[in-house]
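Input: a single structure, listed below in structure tokens.
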Amino acid sequence: MIRDTGLSSRIWRIAVWAVTILFVLNLLAMIASVLVNSFATRWLGTWLPVAYTTRWYFSAWEEFQLHDVLIVTFQVVFAVVIVSGLLGVLAAYAMARRDFPGKRLAMLIFLLPLLVPPITYGIPLATVLYQLNLAGTFWGVVLANLVPTIPFVVLVMIPFIEQIDPRIEAAARVFGASTLQLFVRILLPLLLPGMLAAMLLVLVRTIAMFELTFLTAGPTSQTLVVALYYAVFAAGVRAGQSIDAMAVVYMVVTLIWLVIALRFVNPTQIVARAKQQQAQP
């Protein structure tokens with residue numbers, strides 16, 4: 001590949017790098033300010049706090065009932081992961097293995113929750129759940145989060161399924177394998193890396209999902225991100241350091257699961273598999 005070394009190309013690369021570095025530095029500065037303030041006894045008009053303490057974390061744990069919030073968060077997240085994993089893999093298998101009229105249109109409609117902002121369909125969805133007396137409950141929050149996560153699993157799993165030669169399944173059928181045996185002994189071992197990647201990404205996505213959870217959560221079904229929002233904007237006077245401590249807890253929880261997810265899936269893996277599948281005759 002011949003690389004353009006002209007003046008305009010150099011200016012463009014410098015501009016891209018400058019914007020990227022500025023963005024990263026700004027992001028790191030915001031994270032650092034929240035982290036430092038969460039340990040500060042007092043921080044007004046100086047470059048660094050006067051002194052440091054960990055009492056704001058204990059205060060946030062008690063004031064915002066983080067123990068209960070974290071339990072509800074993980075209950076919602078794991079319920080969404082399991083249900084979306086089961087339904088999403090089955091739907092992805094049907095879309096990958098079956099051809100029918102209007103398949104592309106059906107796929108587009110199915111993936112609409114990933115293409116439009118959650119708030120656009122979150123309000124009517126919450127209205128329906130309130131009419132069914134499900135909003136404000138644990139399962140109402142789970143159902144709302146399933147709307148974007150099932151299509152997400154389908155989108156991730158289709159390339160993994162398409163790369164499996166259908167002749168493997170046909171051979172298993174010839175030797176008398178039932179549908180359950182075919183899935184457990186043949187497909188599951190082959191699809192396990194893709195399923196694990198999809199479910200871990202759904203886990204991270206659900207932890208960070210604010211709009212749908214906010215619209216459907218009740219006092220006993222708030223996840224960590226919704227509880228953080230109420231801590232910031234609810235009536236009453238709260239110490240900024242305590243809120244920042246809660247924000248740090250949220251960042252750490254999300255970061256841990258994101259790091260775990262990235263150990264099992266390469267962000268370019270899905271695109272590479274899709275291109276490889278398209279290149280096959």
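Each chain of the structure tokens is named A, B, ... in the order shown, its residues numbered from 1; ligands are numbered from 1 in display order.
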Under the rule of at most 10 Å, produce a per-residue listing of segment 97-185 of chain A near segment 209-218 of chain A: chain, number, name, the closest pair of atoms, and the distance in Å, as CSV, using only C-alpha atoms.
residue,atom,partner,partner_atom,distance
A:Pro117,CA,A:Glu211,CA,9.2
A:Pro118,CA,A:Glu211,CA,6.4
A:Ile119,CA,A:Glu211,CA,6.0
A:Thr120,CA,A:Glu211,CA,9.7
A:Tyr121,CA,A:Leu212,CA,8.9
A:Gly122,CA,A:Leu212,CA,5.5
A:Ile123,CA,A:Leu215,CA,7.0
A:Pro124,CA,A:Leu215,CA,9.9
A:Leu125,CA,A:Leu212,CA,8.6
A:Ala126,CA,A:Thr216,CA,5.7
A:Thr127,CA,A:Thr216,CA,8.9
A:Leu129,CA,A:Thr216,CA,7.7
A:Tyr130,CA,A:Thr216,CA,8.1
A:Leu134,CA,A:Thr216,CA,8.3
A:Ala135,CA,A:Thr216,CA,4.8
A:Gly136,CA,A:Gly218,CA,3.8
A:Thr137,CA,A:Gly218,CA,6.1
A:Phe138,CA,A:Ala217,CA,7.5
A:Trp139,CA,A:Ala217,CA,9.5
A:Gly140,CA,A:Thr216,CA,6.4
A:Val141,CA,A:Thr216,CA,5.6
A:Val142,CA,A:Thr213,CA,8.4
A:Leu143,CA,A:Thr216,CA,9.4
A:Ala144,CA,A:Leu212,CA,6.0
A:Asn145,CA,A:Leu212,CA,6.5
A:Leu146,CA,A:Leu212,CA,9.9
A:Val147,CA,A:Leu212,CA,9.3
A:Pro148,CA,A:Leu212,CA,9.6
Please, could you write that set of residues out with N, CA and C atoms as a short mmCIF file (atom, residue, chain, number, x, y, z; two decimals), in the first residue's frame?
data_model
loop_
_atom_site.label_atom_id
_atom_site.label_comp_id
_atom_site.auth_asym_id
_atom_site.auth_seq_id
_atom_site.Cartn_x
_atom_site.Cartn_y
_atom_site.Cartn_z
N PRO A 117 -32.56 5.46 19.29
CA PRO A 117 -32.30 5.71 20.71
C PRO A 117 -33.34 5.02 21.61
N PRO A 118 -32.91 4.45 22.73
CA PRO A 118 -33.86 3.74 23.60
C PRO A 118 -35.01 4.59 24.10
N ILE A 119 -34.78 5.90 24.25
CA ILE A 119 -35.84 6.75 24.79
C ILE A 119 -37.02 6.84 23.83
N THR A 120 -36.79 6.64 22.52
CA THR A 120 -37.87 6.80 21.54
C THR A 120 -38.91 5.70 21.67
N TYR A 121 -38.49 4.50 22.03
CA TYR A 121 -39.46 3.42 22.25
C TYR A 121 -39.60 3.08 23.73
N GLY A 122 -38.75 3.69 24.56
CA GLY A 122 -38.83 3.39 25.99
C GLY A 122 -40.09 3.93 26.64
N ILE A 123 -40.53 5.13 26.24
CA ILE A 123 -41.73 5.71 26.85
C ILE A 123 -42.98 4.91 26.52
N PRO A 124 -43.26 4.58 25.23
CA PRO A 124 -44.43 3.72 24.97
C PRO A 124 -44.30 2.34 25.59
N LEU A 125 -43.07 1.80 25.64
CA LEU A 125 -42.87 0.50 26.27
C LEU A 125 -43.20 0.57 27.76
N ALA A 126 -42.74 1.63 28.41
CA ALA A 126 -43.05 1.79 29.84
C ALA A 126 -44.55 1.97 30.07
N THR A 127 -45.23 2.67 29.15
CA THR A 127 -46.68 2.84 29.26
C THR A 127 -47.39 1.49 29.23
N LEU A 129 -46.08 -1.44 29.99
CA LEU A 129 -45.74 -2.19 31.19
C LEU A 129 -46.50 -1.68 32.41
N TYR A 130 -46.74 -0.37 32.47
CA TYR A 130 -47.55 0.16 33.58
C TYR A 130 -48.99 -0.32 33.47
N LEU A 134 -46.60 -4.23 35.40
CA LEU A 134 -45.26 -4.81 35.47
C LEU A 134 -44.19 -3.75 35.72
N ALA A 135 -44.46 -2.52 35.33
CA ALA A 135 -43.49 -1.44 35.55
C ALA A 135 -43.33 -1.22 37.05
N GLY A 136 -42.12 -0.94 37.46
CA GLY A 136 -41.82 -0.77 38.88
C GLY A 136 -41.46 -2.06 39.58
N THR A 137 -41.51 -3.17 38.85
CA THR A 137 -41.17 -4.47 39.42
C THR A 137 -39.87 -4.98 38.82
N PHE A 138 -39.32 -6.01 39.42
CA PHE A 138 -38.09 -6.61 38.94
C PHE A 138 -38.24 -7.12 37.51
N TRP A 139 -39.32 -7.86 37.24
CA TRP A 139 -39.50 -8.44 35.92
C TRP A 139 -39.87 -7.39 34.88
N GLY A 140 -40.44 -6.28 35.30
CA GLY A 140 -40.67 -5.19 34.37
C GLY A 140 -39.37 -4.60 33.86
N VAL A 141 -38.41 -4.43 34.75
CA VAL A 141 -37.09 -3.93 34.35
C VAL A 141 -36.40 -4.94 33.43
N VAL A 142 -36.53 -6.23 33.76
CA VAL A 142 -35.91 -7.27 32.93
C VAL A 142 -36.52 -7.27 31.52
N LEU A 143 -37.85 -7.21 31.43
CA LEU A 143 -38.51 -7.22 30.13
C LEU A 143 -38.11 -6.01 29.29
N ALA A 144 -38.01 -4.85 29.93
CA ALA A 144 -37.62 -3.65 29.19
C ALA A 144 -36.21 -3.78 28.63
N ASN A 145 -35.30 -4.35 29.40
CA ASN A 145 -33.92 -4.49 28.94
C ASN A 145 -33.76 -5.60 27.91
N LEU A 146 -34.73 -6.52 27.84
CA LEU A 146 -34.64 -7.57 26.83
C LEU A 146 -34.89 -7.04 25.42
N VAL A 147 -35.60 -5.92 25.31
CA VAL A 147 -35.94 -5.39 23.98
C VAL A 147 -34.69 -5.09 23.15
N PRO A 148 -33.66 -4.42 23.69
CA PRO A 148 -32.46 -4.22 22.87
C PRO A 148 -31.44 -5.35 22.97
#
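The coordinates place atom CA of Ala247 of chain A at 19.4 Å from atom CA of Leu48 of chain A.
Each of A:Ala198, A:Ser84, A:Tyr52, A:Ala60 was compared to Asp244 of chain A using only C-alpha atoms, and A:Ala60 turns out to be the nearest.
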(message) as an NGL selection string, please: every residue in segment 52-216 of chain A that a backbone DSSP assignment puts in helix (DSSP H, G or I).
(response) :A and (55-63 or 66-97 or 103-110 or 112-115 or 118-131 or 138-162 or 166-174 or 179-208 or 211-216)
(message) Residues within 12 Å of Met30 of chain A, please, as a PyMOL selection string. Count only C-alpha atoms; anything in the same chain fewer than 6 positions from it doesn't count.
(response) chain A and resi 23-24+36-37+244+247-248
Got time to write the residues from that selection, N, CA and C atoms, as a PDB file, in the first residue's frame?
ATOM      1  N   PHE A  23      -9.259  14.579  23.378  1.00  0.00           N
ATOM      2  CA  PHE A  23     -10.411  13.844  23.911  1.00  0.00           C
ATOM      3  C   PHE A  23      -9.994  12.925  25.058  1.00  0.00           C
ATOM      4  N   VAL A  24      -8.905  12.183  24.869  1.00  0.00           N
ATOM      5  CA  VAL A  24      -8.443  11.251  25.901  1.00  0.00           C
ATOM      6  C   VAL A  24      -8.038  12.006  27.160  1.00  0.00           C
ATOM      7  N   VAL A  36     -10.456  11.722  42.710  1.00  0.00           N
ATOM      8  CA  VAL A  36      -9.786  12.465  43.777  1.00  0.00           C
ATOM      9  C   VAL A  36     -10.802  13.071  44.737  1.00  0.00           C
ATOM     10  N   ASN A  37     -11.885  13.619  44.204  1.00  0.00           N
ATOM     11  CA  ASN A  37     -12.893  14.244  45.064  1.00  0.00           C
ATOM     12  C   ASN A  37     -13.576  13.229  45.970  1.00  0.00           C
ATOM     13  N   ASP A 244     -19.695  11.329  44.399  1.00  0.00           N
ATOM     14  CA  ASP A 244     -18.557  10.917  43.591  1.00  0.00           C
ATOM     15  C   ASP A 244     -18.071   9.523  43.995  1.00  0.00           C
ATOM     16  N   ALA A 247     -20.248   7.211  42.273  1.00  0.00           N
ATOM     17  CA  ALA A 247     -19.892   7.170  40.855  1.00  0.00           C
ATOM     18  C   ALA A 247     -18.656   6.306  40.630  1.00  0.00           C
ATOM     19  N   VAL A 248     -17.699   6.357  41.537  1.00  0.00           N
ATOM     20  CA  VAL A 248     -16.503   5.527  41.417  1.00  0.00           C
ATOM     21  C   VAL A 248     -16.861   4.055  41.540  1.00  0.00           C
TER      22      VAL A 248
END
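Proximity to Ile82 of chain A was assessed for A:Glu169, A:Leu105, A:Ala94, A:Leu203 counting only C-alpha atoms; the smallest distance is recorded for A:Leu203.
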(message) Env of Val89 of chain A: 9 Å cut, atoms = only C-alpha atoms, seq-sep filter 2 positions within chain, self excluded. Answer as a list in words.
(response) Ser84, Gly85, Leu86, Leu87, Ala91, Ala92, Tyr93, Ala94, Ile150, Val153, Val154, Met157, Ile158 and Met195 of chain A
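When only C-alpha atoms are used to measure the gap to Ala197 of chain A, the shortest distance among A:Ala171, A:Val69, A:Ile260, A:Val19 belongs to A:Ile260.
The residue that comes closest to Pro49 of chain A, out of A:Leu35, A:Val174, A:Ile11, A:Leu115 and on the basis of only C-alpha atoms, is A:Leu35.
For Arg97 of chain A, the list of residues within 9 Å, based on only C-alpha atoms and with local chain neighbours fewer than 5 positions off taken out, reads Ala92, Ile161, Glu162 and Pro166 of chain A.
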